[in-house]
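J.: Hey, dropping input-v5.cif in here, mmCIF, C-alpha atoms (C1' of nucleotides):
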data_upload
loop_
_atom_site.group_PDB
_atom_site.id
_atom_site.type_symbol
_atom_site.label_atom_id
_atom_site.label_comp_id
_atom_site.auth_asym_id
_atom_site.auth_seq_id
_atom_site.Cartn_x
_atom_site.Cartn_y
_atom_site.Cartn_z
ATOM 1 C CA MET A 19 135.424 88.668 94.745
ATOM 2 C CA PRO A 20 133.233 86.059 93.085
ATOM 3 C CA SER A 21 130.806 88.298 91.273
ATOM 4 C CA GLN A 22 129.538 85.242 89.492
ATOM 5 C CA SER A 23 128.420 83.856 92.817
ATOM 6 C CA ILE A 24 126.546 87.040 93.534
ATOM 7 C CA VAL A 25 124.805 86.947 90.193
ATOM 8 C CA SER A 26 123.999 83.300 90.739
ATOM 9 C CA ARG A 27 122.323 84.188 93.975
ATOM 10 C CA GLU A 28 120.376 86.999 92.349
ATOM 11 C CA LEU A 29 119.235 84.731 89.572
ATOM 12 C CA ALA A 30 118.404 81.960 91.988
ATOM 13 C CA ASP A 31 116.257 84.341 93.984
ATOM 14 C CA LEU A 32 114.396 85.412 90.887
ATOM 15 C CA LEU A 33 113.885 81.844 89.747
ATOM 16 C CA LYS A 34 112.802 80.800 93.213
ATOM 17 C CA LEU A 35 110.261 83.587 93.139
ATOM 18 C CA LEU A 36 108.868 82.313 89.864
ATOM 19 C CA ALA A 37 109.048 78.663 90.847
ATOM 20 C CA HIS A 38 105.510 78.326 92.100
ATOM 21 C CA PRO A 39 102.472 77.278 90.060
ATOM 22 C CA ASP A 40 100.222 79.960 91.515
ATOM 23 C CA ARG A 41 102.691 82.735 90.863
ATOM 24 C CA LEU A 42 103.299 81.564 87.327
ATOM 25 C CA ARG A 43 99.590 81.565 86.706
ATOM 26 C CA LEU A 44 99.284 85.003 88.237
ATOM 27 C CA ILE A 45 101.872 86.259 85.801
ATOM 28 C CA ALA A 46 100.040 84.535 82.983
ATOM 29 C CA GLU A 47 96.826 86.207 84.057
ATOM 30 C CA LEU A 48 98.393 89.631 84.301
ATOM 31 C CA ARG A 49 99.654 89.511 80.732
ATOM 32 C CA SER A 50 96.332 90.953 79.657
ATOM 33 C CA GLY A 51 96.724 93.933 81.932
ATOM 34 C CA GLU A 52 96.098 94.868 85.523
ATOM 35 C CA GLN A 53 93.594 92.945 87.588
ATOM 36 C CA ASP A 54 92.356 93.083 91.134
ATOM 37 C CA VAL A 55 92.926 90.430 93.771
ATOM 38 C CA THR A 56 89.435 89.004 93.736
ATOM 39 C CA SER A 57 89.423 88.551 89.969
ATOM 40 C CA LEU A 58 92.748 86.801 90.144
ATOM 41 C CA ALA A 59 91.557 84.587 92.961
ATOM 42 C CA VAL A 60 88.550 83.565 90.892
ATOM 43 C CA ALA A 61 90.629 83.013 87.791
ATOM 44 C CA LEU A 62 93.080 80.757 89.596
ATOM 45 C CA ALA A 63 90.424 79.194 91.803
ATOM 46 C CA VAL A 64 92.461 79.742 94.943
ATOM 47 C CA PRO A 65 91.574 81.680 98.115
ATOM 48 C CA ALA A 66 92.130 85.411 97.892
ATOM 49 C CA THR A 67 94.408 85.329 100.906
ATOM 50 C CA ARG A 68 96.810 83.107 99.085
ATOM 51 C CA VAL A 69 96.721 85.301 96.016
ATOM 52 C CA SER A 70 97.365 88.297 98.188
ATOM 53 C CA GLN A 71 100.384 86.653 99.762
ATOM 54 C CA HIS A 72 101.820 85.644 96.423
ATOM 55 C CA LEU A 73 101.294 89.135 95.063
ATOM 56 C CA ALA A 74 102.992 90.613 98.104
ATOM 57 C CA LEU A 75 105.991 88.441 97.350
ATOM 58 C CA LEU A 76 106.035 89.374 93.686
ATOM 59 C CA ARG A 77 105.678 93.001 94.644
ATOM 60 C CA ALA A 78 108.532 92.809 97.135
ATOM 61 C CA HIS A 79 110.746 91.723 94.274
ATOM 62 C CA ARG A 80 109.292 94.398 92.016
ATOM 63 C CA LEU A 81 107.881 91.974 89.507
ATOM 64 C CA VAL A 82 104.442 93.513 89.896
ATOM 65 C CA GLU A 83 103.204 96.942 90.881
ATOM 66 C CA GLU A 84 100.094 97.886 92.779
ATOM 67 C CA ARG A 85 97.487 100.549 92.085
ATOM 68 C CA ARG A 86 94.696 101.200 94.526
ATOM 69 C CA ALA A 87 91.307 102.406 93.429
ATOM 70 C CA GLY A 88 88.879 102.642 96.278
ATOM 71 C CA ARG A 89 89.008 99.425 98.190
ATOM 72 C CA THR A 90 90.218 97.256 95.361
ATOM 73 C CA HIS A 91 93.899 96.802 94.613
ATOM 74 C CA PHE A 92 94.977 96.359 91.037
ATOM 75 C CA TYR A 93 98.214 94.637 90.144
ATOM 76 C CA ARG A 94 100.163 94.733 86.898
ATOM 77 C CA LEU A 95 103.396 93.290 85.575
ATOM 78 C CA VAL A 96 106.441 95.497 85.771
ATOM 79 C CA HIS A 97 108.149 93.433 83.059
ATOM 80 C CA PRO A 98 105.488 92.116 80.676
ATOM 81 C CA ALA A 99 108.255 90.474 78.668
ATOM 82 C CA ILE A 100 108.864 88.078 81.512
ATOM 83 C CA ALA A 101 105.836 86.040 80.450
ATOM 84 C CA ALA A 102 107.323 85.440 77.020
ATOM 85 C CA TRP A 103 110.610 84.533 78.606
ATOM 86 C CA ILE A 104 108.887 81.995 80.808
ATOM 87 C CA VAL A 105 107.216 80.382 77.822
ATOM 88 C CA GLU A 106 110.630 79.795 76.297
ATOM 89 C CA ALA A 107 111.369 77.517 79.222
ATOM 90 C CA LEU A 108 108.823 75.036 77.943
ATOM 91 C CA GLN A 109 111.365 73.793 75.450
ATOM 92 C CA PHE A 110 113.520 72.638 78.329
ATOM 93 C CA VAL A 111 110.906 70.783 80.345
ATOM 94 C CA ASP A 112 111.329 67.112 79.930
ATOM 95 C CA ILE A 113 108.485 65.921 77.762
ATOM 96 C CA ARG A 114 109.940 62.488 77.314
ATOM 97 C CA ASN A 115 108.677 61.408 80.699
ATOM 98 C CA ARG A 116 105.180 62.668 80.005
ATOM 99 C CA LEU A 117 104.496 61.848 76.399
ATOM 100 C CA ASP A 118 100.780 62.046 77.013
ATOM 101 C CA GLU A 119 101.132 65.786 77.292
ATOM 102 C CA ALA A 120 103.725 66.188 74.624
ATOM 103 C CA GLY A 121 101.082 66.359 71.958
ATOM 104 C CA HIS A 122 99.547 69.343 73.652
ATOM 105 C CA ILE A 123 102.753 71.241 74.149
ATOM 106 C CA ASP A 124 102.096 73.545 71.214
ATOM 107 C CA THR A 125 98.569 74.275 72.298
ATOM 108 C CA VAL A 126 99.799 75.034 75.743
ATOM 109 C CA ARG A 127 102.609 77.207 74.504
ATOM 110 C CA ALA A 128 100.166 79.084 72.322
ATOM 111 C CA ARG A 129 97.945 79.751 75.279
ATOM 112 C CA TRP A 130 100.760 81.093 77.366
ATOM 113 C CA SER A 131 102.005 83.166 74.481
ATOM 114 C CA ALA A 132 98.582 84.494 73.595
ATOM 115 C CA PRO A 133 97.627 87.982 74.756
ATOM 116 C CA ALA A 134 94.697 86.511 76.659
ATOM 117 C CA LEU A 135 92.889 89.801 76.175
ATOM 118 C CA VAL A 136 90.039 89.014 78.514
ATOM 119 C CA SER A 137 90.485 86.389 81.157
ATOM 120 C CA SER A 138 86.850 85.322 80.960
ATOM 121 C CA ALA A 139 87.300 84.862 77.215
ATOM 122 C CA THR A 140 89.868 82.145 77.875
ATOM 123 C CA PRO A 141 87.859 79.996 80.265
ATOM 124 C CA GLU A 142 90.301 77.129 80.309
ATOM 125 C CA ARG A 143 88.602 75.120 77.642
ATOM 126 C CA SER A 144 89.478 71.472 77.990
ATOM 127 C CA THR A 145 91.943 70.691 75.213
ATOM 128 C CA MET B 149 90.764 69.889 82.958
ATOM 129 C CA PRO B 150 93.043 72.809 83.742
ATOM 130 C CA SER B 151 95.919 72.035 81.433
ATOM 131 C CA GLN B 152 97.296 75.451 82.241
ATOM 132 C CA SER B 153 97.646 74.351 85.855
ATOM 133 C CA ILE B 154 99.566 71.301 84.758
ATOM 134 C CA VAL B 155 101.925 73.347 82.651
ATOM 135 C CA SER B 156 102.344 75.757 85.520
ATOM 136 C CA ARG B 157 103.401 72.902 87.720
ATOM 137 C CA GLU B 158 105.824 71.621 85.101
ATOM 138 C CA LEU B 159 107.335 75.042 84.693
ATOM 139 C CA ALA B 160 107.462 75.591 88.416
ATOM 140 C CA ASP B 161 109.334 72.325 88.828
ATOM 141 C CA LEU B 162 111.867 73.326 86.224
ATOM 142 C CA LEU B 163 112.325 76.766 87.723
ATOM 143 C CA LYS B 164 112.630 75.286 91.187
ATOM 144 C CA LEU B 165 115.319 73.005 89.890
ATOM 145 C CA LEU B 166 117.236 75.959 88.526
ATOM 146 C CA ALA B 167 116.597 78.164 91.527
ATOM 147 C CA HIS B 168 119.764 77.388 93.409
ATOM 148 C CA PRO B 169 123.065 79.267 93.171
ATOM 149 C CA ASP B 170 125.178 76.117 93.030
ATOM 150 C CA ARG B 171 123.107 74.562 90.292
ATOM 151 C CA LEU B 172 123.130 77.748 88.241
ATOM 152 C CA ARG B 173 126.888 77.863 88.529
ATOM 153 C CA LEU B 174 127.131 74.217 87.580
ATOM 154 C CA ILE B 175 125.188 74.965 84.432
ATOM 155 C CA ALA B 176 127.407 77.943 83.769
ATOM 156 C CA GLU B 177 130.482 75.754 84.191
ATOM 157 C CA LEU B 178 129.157 73.072 81.900
ATOM 158 C CA ARG B 179 128.629 75.512 79.047
ATOM 159 C CA SER B 180 132.202 74.826 78.012
ATOM 160 C CA GLY B 181 131.572 71.109 77.749
ATOM 161 C CA GLU B 182 131.563 68.080 79.970
ATOM 162 C CA GLN B 183 133.442 68.107 83.229
ATOM 163 C CA ASP B 184 133.971 65.666 86.064
ATOM 164 C CA VAL B 185 132.668 66.089 89.589
ATOM 165 C CA THR B 186 135.971 66.974 91.187
ATOM 166 C CA SER B 187 136.703 69.710 88.656
ATOM 167 C CA LEU B 188 133.286 71.175 89.203
ATOM 168 C CA ALA B 189 133.712 71.025 92.954
ATOM 169 C CA VAL B 190 136.984 72.909 92.673
ATOM 170 C CA ALA B 191 135.538 75.452 90.272
ATOM 171 C CA LEU B 192 132.606 76.215 92.538
ATOM 172 C CA ALA B 193 134.623 75.867 95.710
ATOM 173 C CA VAL B 194 132.046 73.602 97.305
ATOM 174 C CA PRO B 195 132.418 70.051 98.644
ATOM 175 C CA ALA B 196 132.218 67.333 96.019
ATOM 176 C CA THR B 197 129.377 65.645 97.858
ATOM 177 C CA ARG B 198 127.225 68.696 97.397
ATOM 178 C CA VAL B 199 128.118 68.919 93.744
ATOM 179 C CA SER B 200 127.264 65.286 93.347
ATOM 180 C CA GLN B 201 123.875 65.753 94.939
ATOM 181 C CA HIS B 202 123.064 68.746 92.783
ATOM 182 C CA LEU B 203 124.127 66.868 89.686
ATOM 183 C CA ALA B 204 121.962 63.926 90.682
ATOM 184 C CA LEU B 205 119.023 66.293 90.881
ATOM 185 C CA LEU B 206 119.791 67.885 87.531
ATOM 186 C CA ARG B 207 120.224 64.454 86.049
ATOM 187 C CA ALA B 208 116.919 63.224 87.472
ATOM 188 C CA HIS B 209 115.246 66.015 85.554
ATOM 189 C CA ARG B 210 117.312 65.276 82.469
ATOM 190 C CA LEU B 211 119.017 68.634 82.387
ATOM 191 C CA VAL B 212 122.418 66.953 82.412
ATOM 192 C CA GLU B 213 123.706 63.593 81.256
ATOM 193 C CA GLU B 214 126.439 61.450 82.711
ATOM 194 C CA ARG B 215 129.324 59.654 81.047
ATOM 195 C CA ARG B 216 131.637 57.402 83.043
ATOM 196 C CA ALA B 217 135.253 56.936 82.144
ATOM 197 C CA GLY B 218 137.094 54.753 84.599
ATOM 198 C CA ARG B 219 136.364 56.058 88.042
ATOM 199 C CA THR B 220 135.551 59.607 87.045
ATOM 200 C CA HIS B 221 132.075 60.716 86.034
ATOM 201 C CA PHE B 222 131.669 63.387 83.410
ATOM 202 C CA TYR B 223 128.553 65.504 83.171
ATOM 203 C CA ARG B 224 127.294 67.604 80.287
ATOM 204 C CA LEU B 225 124.282 69.780 79.542
ATOM 205 C CA VAL B 226 121.437 68.152 77.681
ATOM 206 C CA HIS B 227 120.154 71.572 76.608
ATOM 207 C CA PRO B 228 123.124 73.904 76.176
ATOM 208 C CA ALA B 229 120.699 76.639 75.137
ATOM 209 C CA ILE B 230 119.359 76.744 78.645
ATOM 210 C CA ALA B 231 122.359 78.781 79.747
ATOM 211 C CA ALA B 232 121.562 81.516 77.254
ATOM 212 C CA TRP B 233 117.970 81.464 78.347
ATOM 213 C CA ILE B 234 119.018 81.909 81.944
ATOM 214 C CA VAL B 235 121.117 84.914 81.065
ATOM 215 C CA GLU B 236 118.050 86.580 79.614
ATOM 216 C CA ALA B 237 116.558 86.540 83.074
ATOM 217 C CA LEU B 238 119.129 89.073 84.201
ATOM 218 C CA GLN B 239 117.069 91.799 82.618
ATOM 219 C CA PHE B 240 114.292 91.045 85.076
ATOM 220 C CA VAL B 241 116.304 91.005 88.270
ATOM 221 C CA ASP B 242 115.721 94.146 90.186
ATOM 222 C CA ILE B 243 118.834 96.221 89.838
ATOM 223 C CA ARG B 244 117.269 99.275 91.379
ATOM 224 C CA ASN B 245 117.771 97.882 94.860
ATOM 225 C CA ARG B 246 121.411 97.095 94.230
ATOM 226 C CA LEU B 247 122.723 99.966 92.184
ATOM 227 C CA ASP B 248 126.260 99.144 93.207
ATOM 228 C CA GLU B 249 126.123 96.116 90.979
ATOM 229 C CA ALA B 250 124.132 97.735 88.219
ATOM 230 C CA GLY B 251 127.274 99.064 86.639
ATOM 231 C CA HIS B 252 128.636 95.578 86.331
ATOM 232 C CA ILE B 253 125.524 94.022 84.910
ATOM 233 C CA ASP B 254 126.879 94.029 81.378
ATOM 234 C CA THR B 255 130.173 92.537 82.424
ATOM 235 C CA VAL B 256 128.364 89.874 84.311
ATOM 236 C CA ARG B 257 126.003 89.138 81.484
ATOM 237 C CA ALA B 258 128.948 88.889 79.121
ATOM 238 C CA ARG B 259 130.619 86.380 81.363
ATOM 239 C CA TRP B 260 127.534 84.215 81.548
ATOM 240 C CA SER B 261 127.018 84.501 77.839
ATOM 241 C CA ALA B 262 130.624 83.806 76.987
ATOM 242 C CA PRO B 263 131.573 80.306 75.842
ATOM 243 C CA ALA B 264 133.987 80.049 78.747
ATOM 244 C CA LEU B 265 136.072 77.681 76.642
ATOM 245 C CA VAL B 266 138.333 76.606 79.449
ATOM 246 C CA SER B 267 137.214 76.995 83.011
ATOM 247 C CA SER B 268 140.709 77.792 84.206
ATOM 248 C CA ALA B 269 140.898 80.497 81.565
ATOM 249 C CA THR B 270 138.086 82.360 83.282
ATOM 250 C CA PRO B 271 139.450 82.387 86.821
ATOM 251 C CA GLU B 272 136.808 84.715 88.207
ATOM 252 C CA ARG B 273 138.836 87.856 87.723
ATOM 253 C CA SER B 274 137.638 90.557 90.098
ATOM 254 C CA THR B 275 135.795 93.133 88.005
ATOM 255 C "C1'" DT C 130 78.826 106.093 113.126
ATOM 256 C "C1'" DA C 131 78.106 101.224 112.406
ATOM 257 C "C1'" DT C 132 78.599 97.725 108.636
ATOM 258 C "C1'" DA C 133 80.278 95.421 105.006
ATOM 259 C "C1'" DA C 134 83.656 94.737 101.351
ATOM 260 C "C1'" DA C 135 88.339 93.951 99.715
ATOM 261 C "C1'" DT C 136 92.758 93.131 101.228
ATOM 262 C "C1'" DC C 137 96.661 92.760 104.132
ATOM 263 C "C1'" DT C 138 99.506 90.913 108.079
ATOM 264 C "C1'" DG C 139 100.915 87.871 111.729
ATOM 265 C "C1'" DC C 140 101.168 83.345 113.293
ATOM 266 C "C1'" DA C 141 101.365 78.314 113.761
ATOM 267 C "C1'" DT C 142 101.669 74.089 111.244
ATOM 268 C "C1'" DA C 143 102.892 71.169 107.690
ATOM 269 C "C1'" DT C 144 106.259 70.408 103.970
ATOM 270 C "C1'" DC C 145 109.987 70.668 101.223
ATOM 271 C "C1'" DT C 146 115.097 71.742 100.697
ATOM 272 C "C1'" DT C 147 119.638 71.955 101.773
ATOM 273 C "C1'" DT C 148 123.785 70.103 103.720
ATOM 274 C "C1'" DG C 149 127.229 67.576 106.108
ATOM 275 C "C1'" DC C 150 128.551 63.149 107.540
ATOM 276 C "C1'" DA C 151 129.013 58.272 107.676
ATOM 277 C "C1'" DG C 152 129.161 54.445 105.011
ATOM 278 C "C1'" DG C 153 128.789 51.973 100.417
ATOM 279 C "C1'" DT C 154 130.034 51.031 95.332
ATOM 280 C "C1'" DG C 155 132.991 50.564 91.474
ATOM 281 C "C1'" DT C 156 137.652 51.069 89.351
ATOM 282 C "C1'" DG C 157 142.722 51.121 88.874
ATOM 283 C "C1'" DG C 158 147.242 50.100 90.837
ATOM 284 C "C1'" DG C 159 150.621 47.500 93.299
ATOM 285 C "C1'" DC D 46 143.986 40.647 97.267
ATOM 286 C "C1'" DC D 47 144.184 45.150 99.400
ATOM 287 C "C1'" DC D 48 144.232 49.974 99.211
ATOM 288 C "C1'" DA D 49 143.341 54.471 97.462
ATOM 289 C "C1'" DC D 50 140.502 57.299 94.544
ATOM 290 C "C1'" DA D 51 136.271 59.288 92.705
ATOM 291 C "C1'" DC D 52 131.664 59.273 93.520
ATOM 292 C "C1'" DC D 53 127.105 58.040 95.176
ATOM 293 C "C1'" DT D 54 123.337 57.168 98.724
ATOM 294 C "C1'" DG D 55 120.965 57.336 103.097
ATOM 295 C "C1'" DC D 56 120.035 59.901 106.995
ATOM 296 C "C1'" DA D 57 119.220 63.439 110.399
ATOM 297 C "C1'" DA D 58 119.388 68.346 111.616
ATOM 298 C "C1'" DA D 59 118.705 72.940 110.142
ATOM 299 C "C1'" DG D 60 116.516 76.164 107.241
ATOM 300 C "C1'" DA D 61 113.235 77.875 104.013
ATOM 301 C "C1'" DT D 62 108.316 77.737 102.050
ATOM 302 C "C1'" DA D 63 103.528 77.259 101.751
ATOM 303 C "C1'" DT D 64 98.977 77.737 103.617
ATOM 304 C "C1'" DG D 65 94.925 78.452 106.328
ATOM 305 C "C1'" DC D 66 92.964 81.173 109.932
ATOM 306 C "C1'" DA D 67 92.186 84.965 112.877
ATOM 307 C "C1'" DG D 68 92.506 89.678 113.375
ATOM 308 C "C1'" DA D 69 93.760 94.397 111.594
ATOM 309 C "C1'" DT D 70 93.253 98.064 107.740
ATOM 310 C "C1'" DT D 71 91.153 100.951 104.595
ATOM 311 C "C1'" DT D 72 87.296 102.540 102.061
ATOM 312 C "C1'" DA D 73 82.564 102.779 100.635
ATOM 313 C "C1'" DT D 74 77.689 102.993 102.220
ATOM 314 C "C1'" DA D 75 73.535 103.296 104.823
#
Let's see the structure in the file written out as structure tokens.
T.:
Amino acid sequence: MPSQSIVSRELADLLKLLAHPDRLRLIAELRSGEQDVTSLAVALAVPATRVSQHLALLRAHRLVEERRAGRTHFYRLVHPAIAAWIVEALQFVDIRNRLDEAGHIDTVRARWSAPALVSSATPERST
Amino acid sequence: MPSQSIVSRELADLLKLLAHPDRLRLIAELRSGEQDVTSLAVALAVPATRVSQHLALLRAHRLVEERRAGRTHFYRLVHPAIAAWIVEALQFVDIRNRLDEAGHIDTVRARWSAPALVSSATPERST
DNA sequence: TATAAATCTGCATATCTTTGCAGGTGTGGG
DNA sequence: CCCACACCTGCAAAGATATGCAGATTTATA
């Protein structure tokens, strides 16, 4: 029985789950701790419905967990280390075809690696 | 300008590229060094056309490079370290929902981590 | 209880991917 | 030159995703 095929499918599913800009940014946002849907929607500048759907997907795969307090739902990362792992991928993205950004790669990596303690304290300053 | 959005898109593209069982297995196969299309097709047990298309995609994103010798085309990983990075992701796949495989997770990880010197020397033995 | 707030769910549409198949290209042999 | 081999490319059908919108839930509040 090709167990390697099974693992490949598992991995592919995980990667597919992560392979969306919004979801990656959600994970980046949640590094600093749990946040509610509205805050996340504001932070990403996307409609709350979309955020909700992405979170539902992430939750279905147990990448995030939900906590309800009153009418707001807070989400948090189940595996905070996953953010650091994602950052490592930057070394594999082809920067040769986009040299204009290559100079900023370290800045960008730093931002993803940073704790980002308060989301409003990292207001996407234009590098 | 939301540089974080740009990076998210870059990362998402990379992850999307990796998020396919066949392509993950191709990368796993190529850990041991360059191989031609037919060998890869046999190893993965998928039609050569499909392998070729996946390789074209990986090549377009510069994850693999091609070398032609006569009528056979050899492919190799541009970033061999990417395989190790992929293996790290195993710790994030939800094993709680598939406890039957949980026991094999270490075996599986070992196989992905292993050099796999000769593909025929790792004939997918049933664990 | 009626309202509003904060989310979620279901659905239809638009897009993107995957895949096999037919046909094309380039190389080596006879 | 002609044929077989090893691949690649284009294309159409099938399948999977993404997204906005409308409507349903759940929880405070007046």
J.: Can you tell me which residues surround DG159 of chain C at a distance of at most 12 Å, considering all atoms listed in the file, apart from same-chain residues fewer than 5 positions away, and format the answer as a list in words?
T.: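 Contacts, in chain order: DC46, DC47, DC48 and DA49 of chain D.
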J.: Suppose you want the space between atom CA of His221 of chain B and atom C1' of DA58 of chain D; what is it in Å?
T.: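 Straight-line distance from atom CA of His221 of chain B to atom C1' of DA58 of chain D works out to 29.6 Å.
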J.: Between A:Ser70, A:Ser57, A:Gln109, A:Ser50, single out the one closest to chain B, counting all atoms listed in the file.
T.: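 Ranking A:Ser70, A:Ser57, A:Gln109, A:Ser50 by distance to chain B, first place goes to A:Gln109.
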J.: Using all atoms listed in the file, which residues of chain C come within 9 Å of chain A, and what is the closest atom pair for each, with the distance in Å to one decimal? Give it as a tab-separated table, sorted by chain and residue number.
T.:
residue	atom	partner	partner_atom	distance
C:DA134	C1'	A:Arg89	CA	7.8
C:DA135	C1'	A:Arg89	CA	5.7
C:DT136	C1'	A:Ser70	CA	7.3
C:DC137	C1'	A:Ser70	CA	7.5
J.: What gap, in Å, lies between atom CA of Ala167 of chain B and atom CA of Asp40 of chain A?
T.: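 These atoms are spaced 16.5 Å apart.
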J.: May I ask which of the residues A:Arg85, A:His79, A:His97, A:Lys34 is the closest one to chain D, counting only C-alpha atoms (C1' of nucleotides)?
T.: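 Of the candidates, the smallest distance to chain D is held by A:Lys34.
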J.: Point out the residue among C:DT154, C:DT132, C:DT147, C:DT138 with the least atom-to-atom distance to DA75 of chain D, counting all atoms listed in the file.
T.: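 Among the listed residues, C:DT132 lies closest to DA75 of chain D.
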J.: Using only C-alpha atoms, I'd like every residue of chain B that has an atom within 6 Å of chain A; please write them out as a short mmCIF file (atom, residue, chain, number, x, y, z; two decimals) with C-alpha atoms, keeping the file's coordinate frame.
T.:
data_model
loop_
_atom_site.label_atom_id
_atom_site.label_comp_id
_atom_site.auth_asym_id
_atom_site.auth_seq_id
_atom_site.Cartn_x
_atom_site.Cartn_y
_atom_site.Cartn_z
CA MET B 149 90.76 69.89 82.96
CA SER B 156 102.34 75.76 85.52
CA ARG B 157 103.40 72.90 87.72
CA ALA B 160 107.46 75.59 88.42
CA LEU B 163 112.32 76.77 87.72
CA LYS B 164 112.63 75.29 91.19
CA ALA B 167 116.60 78.16 91.53
CA HIS B 168 119.76 77.39 93.41
CA PRO B 169 123.06 79.27 93.17
CA SER B 274 137.64 90.56 90.10
#
J.: Give me, as a tab-separated table (two decimals) with C-alpha atoms (C1' of nucleotides), keeping the file's coordinate frame, the residues of chain D touching chain B, with the criterion being at most 9 Å (counting all atoms listed in the file).
T.:
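Below you can see iface-v7.tsv, which holds the result:
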chain	number	residue	atom	x	y	z
D	50	DC	C1'	140.50	57.30	94.54
D	51	DA	C1'	136.27	59.29	92.70
D	52	DC	C1'	131.66	59.27	93.52
D	53	DC	C1'	127.10	58.04	95.18
J.: Atom CA of Leu178 of chain B and atom CA of Leu225 of chain B, how far apart in Å?
T.: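 Spanning atom CA of Leu225 of chain B to atom CA of Leu178 of chain B is a straight-line distance of 6.3 Å.
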J.: Tell me which protein, DNA and RNA residues are within 12 Å of DC56 of chain D, counting all atoms listed in the file, leaving out same-chain ones fewer than 2 positions away, and put them as a list in words.
T.: DT148, DG149, DC150, DA151 and DG152 of chain C; DT54 and DA58 of chain D
J.: Within 6 Å of Tyr93 of chain A, counting all atoms listed in the file, which residues show up once you throw out same-chain ones fewer than 2 positions away? Write them as a list in words, please.
T.: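 Counting all atoms listed in the file, the residues come to Glu52, Gln53, Glu83 and Glu84 of chain A.
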J.: Neighbouring residues of DT142 of chain C were defined as those with any atom within 12 Å, considering all atoms listed in the file; residues of the same chain fewer than 3 positions away were excluded. Please report them as a PDB file with C-alpha atoms (C1' of nucleotides), in the frame of the given file.
T.:
ATOM      1  C1'  DT D  62     108.316  77.737 102.050  1.00  0.00           C
ATOM      2  C1'  DA D  63     103.528  77.259 101.751  1.00  0.00           C
ATOM      3  C1'  DT D  64      98.977  77.737 103.617  1.00  0.00           C
ATOM      4  C1'  DG D  65      94.925  78.452 106.328  1.00  0.00           C
ATOM      5  C1'  DC D  66      92.964  81.173 109.932  1.00  0.00           C
TER       6       DC D  66
END
J.: Find the axis-aligned box for segment 220-226 of chain B, covering all its listed atoms and adding 5 Å on each side, and write its centre and edge lengths in Å to one decimal as JSON.
T.:
{"center_x": 128.5, "center_y": 64.7, "center_z": 82.4, "size_x": 24.1, "size_y": 20.2, "size_z": 19.4}
J.: Ranking A:Gly51, A:Val60, A:Phe92, A:Ile45 by minimum distance to His72 of chain A and counting only C-alpha atoms, which one comes first?
T.: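 With only C-alpha atoms as the atom set, the closest residue is A:Ile45.
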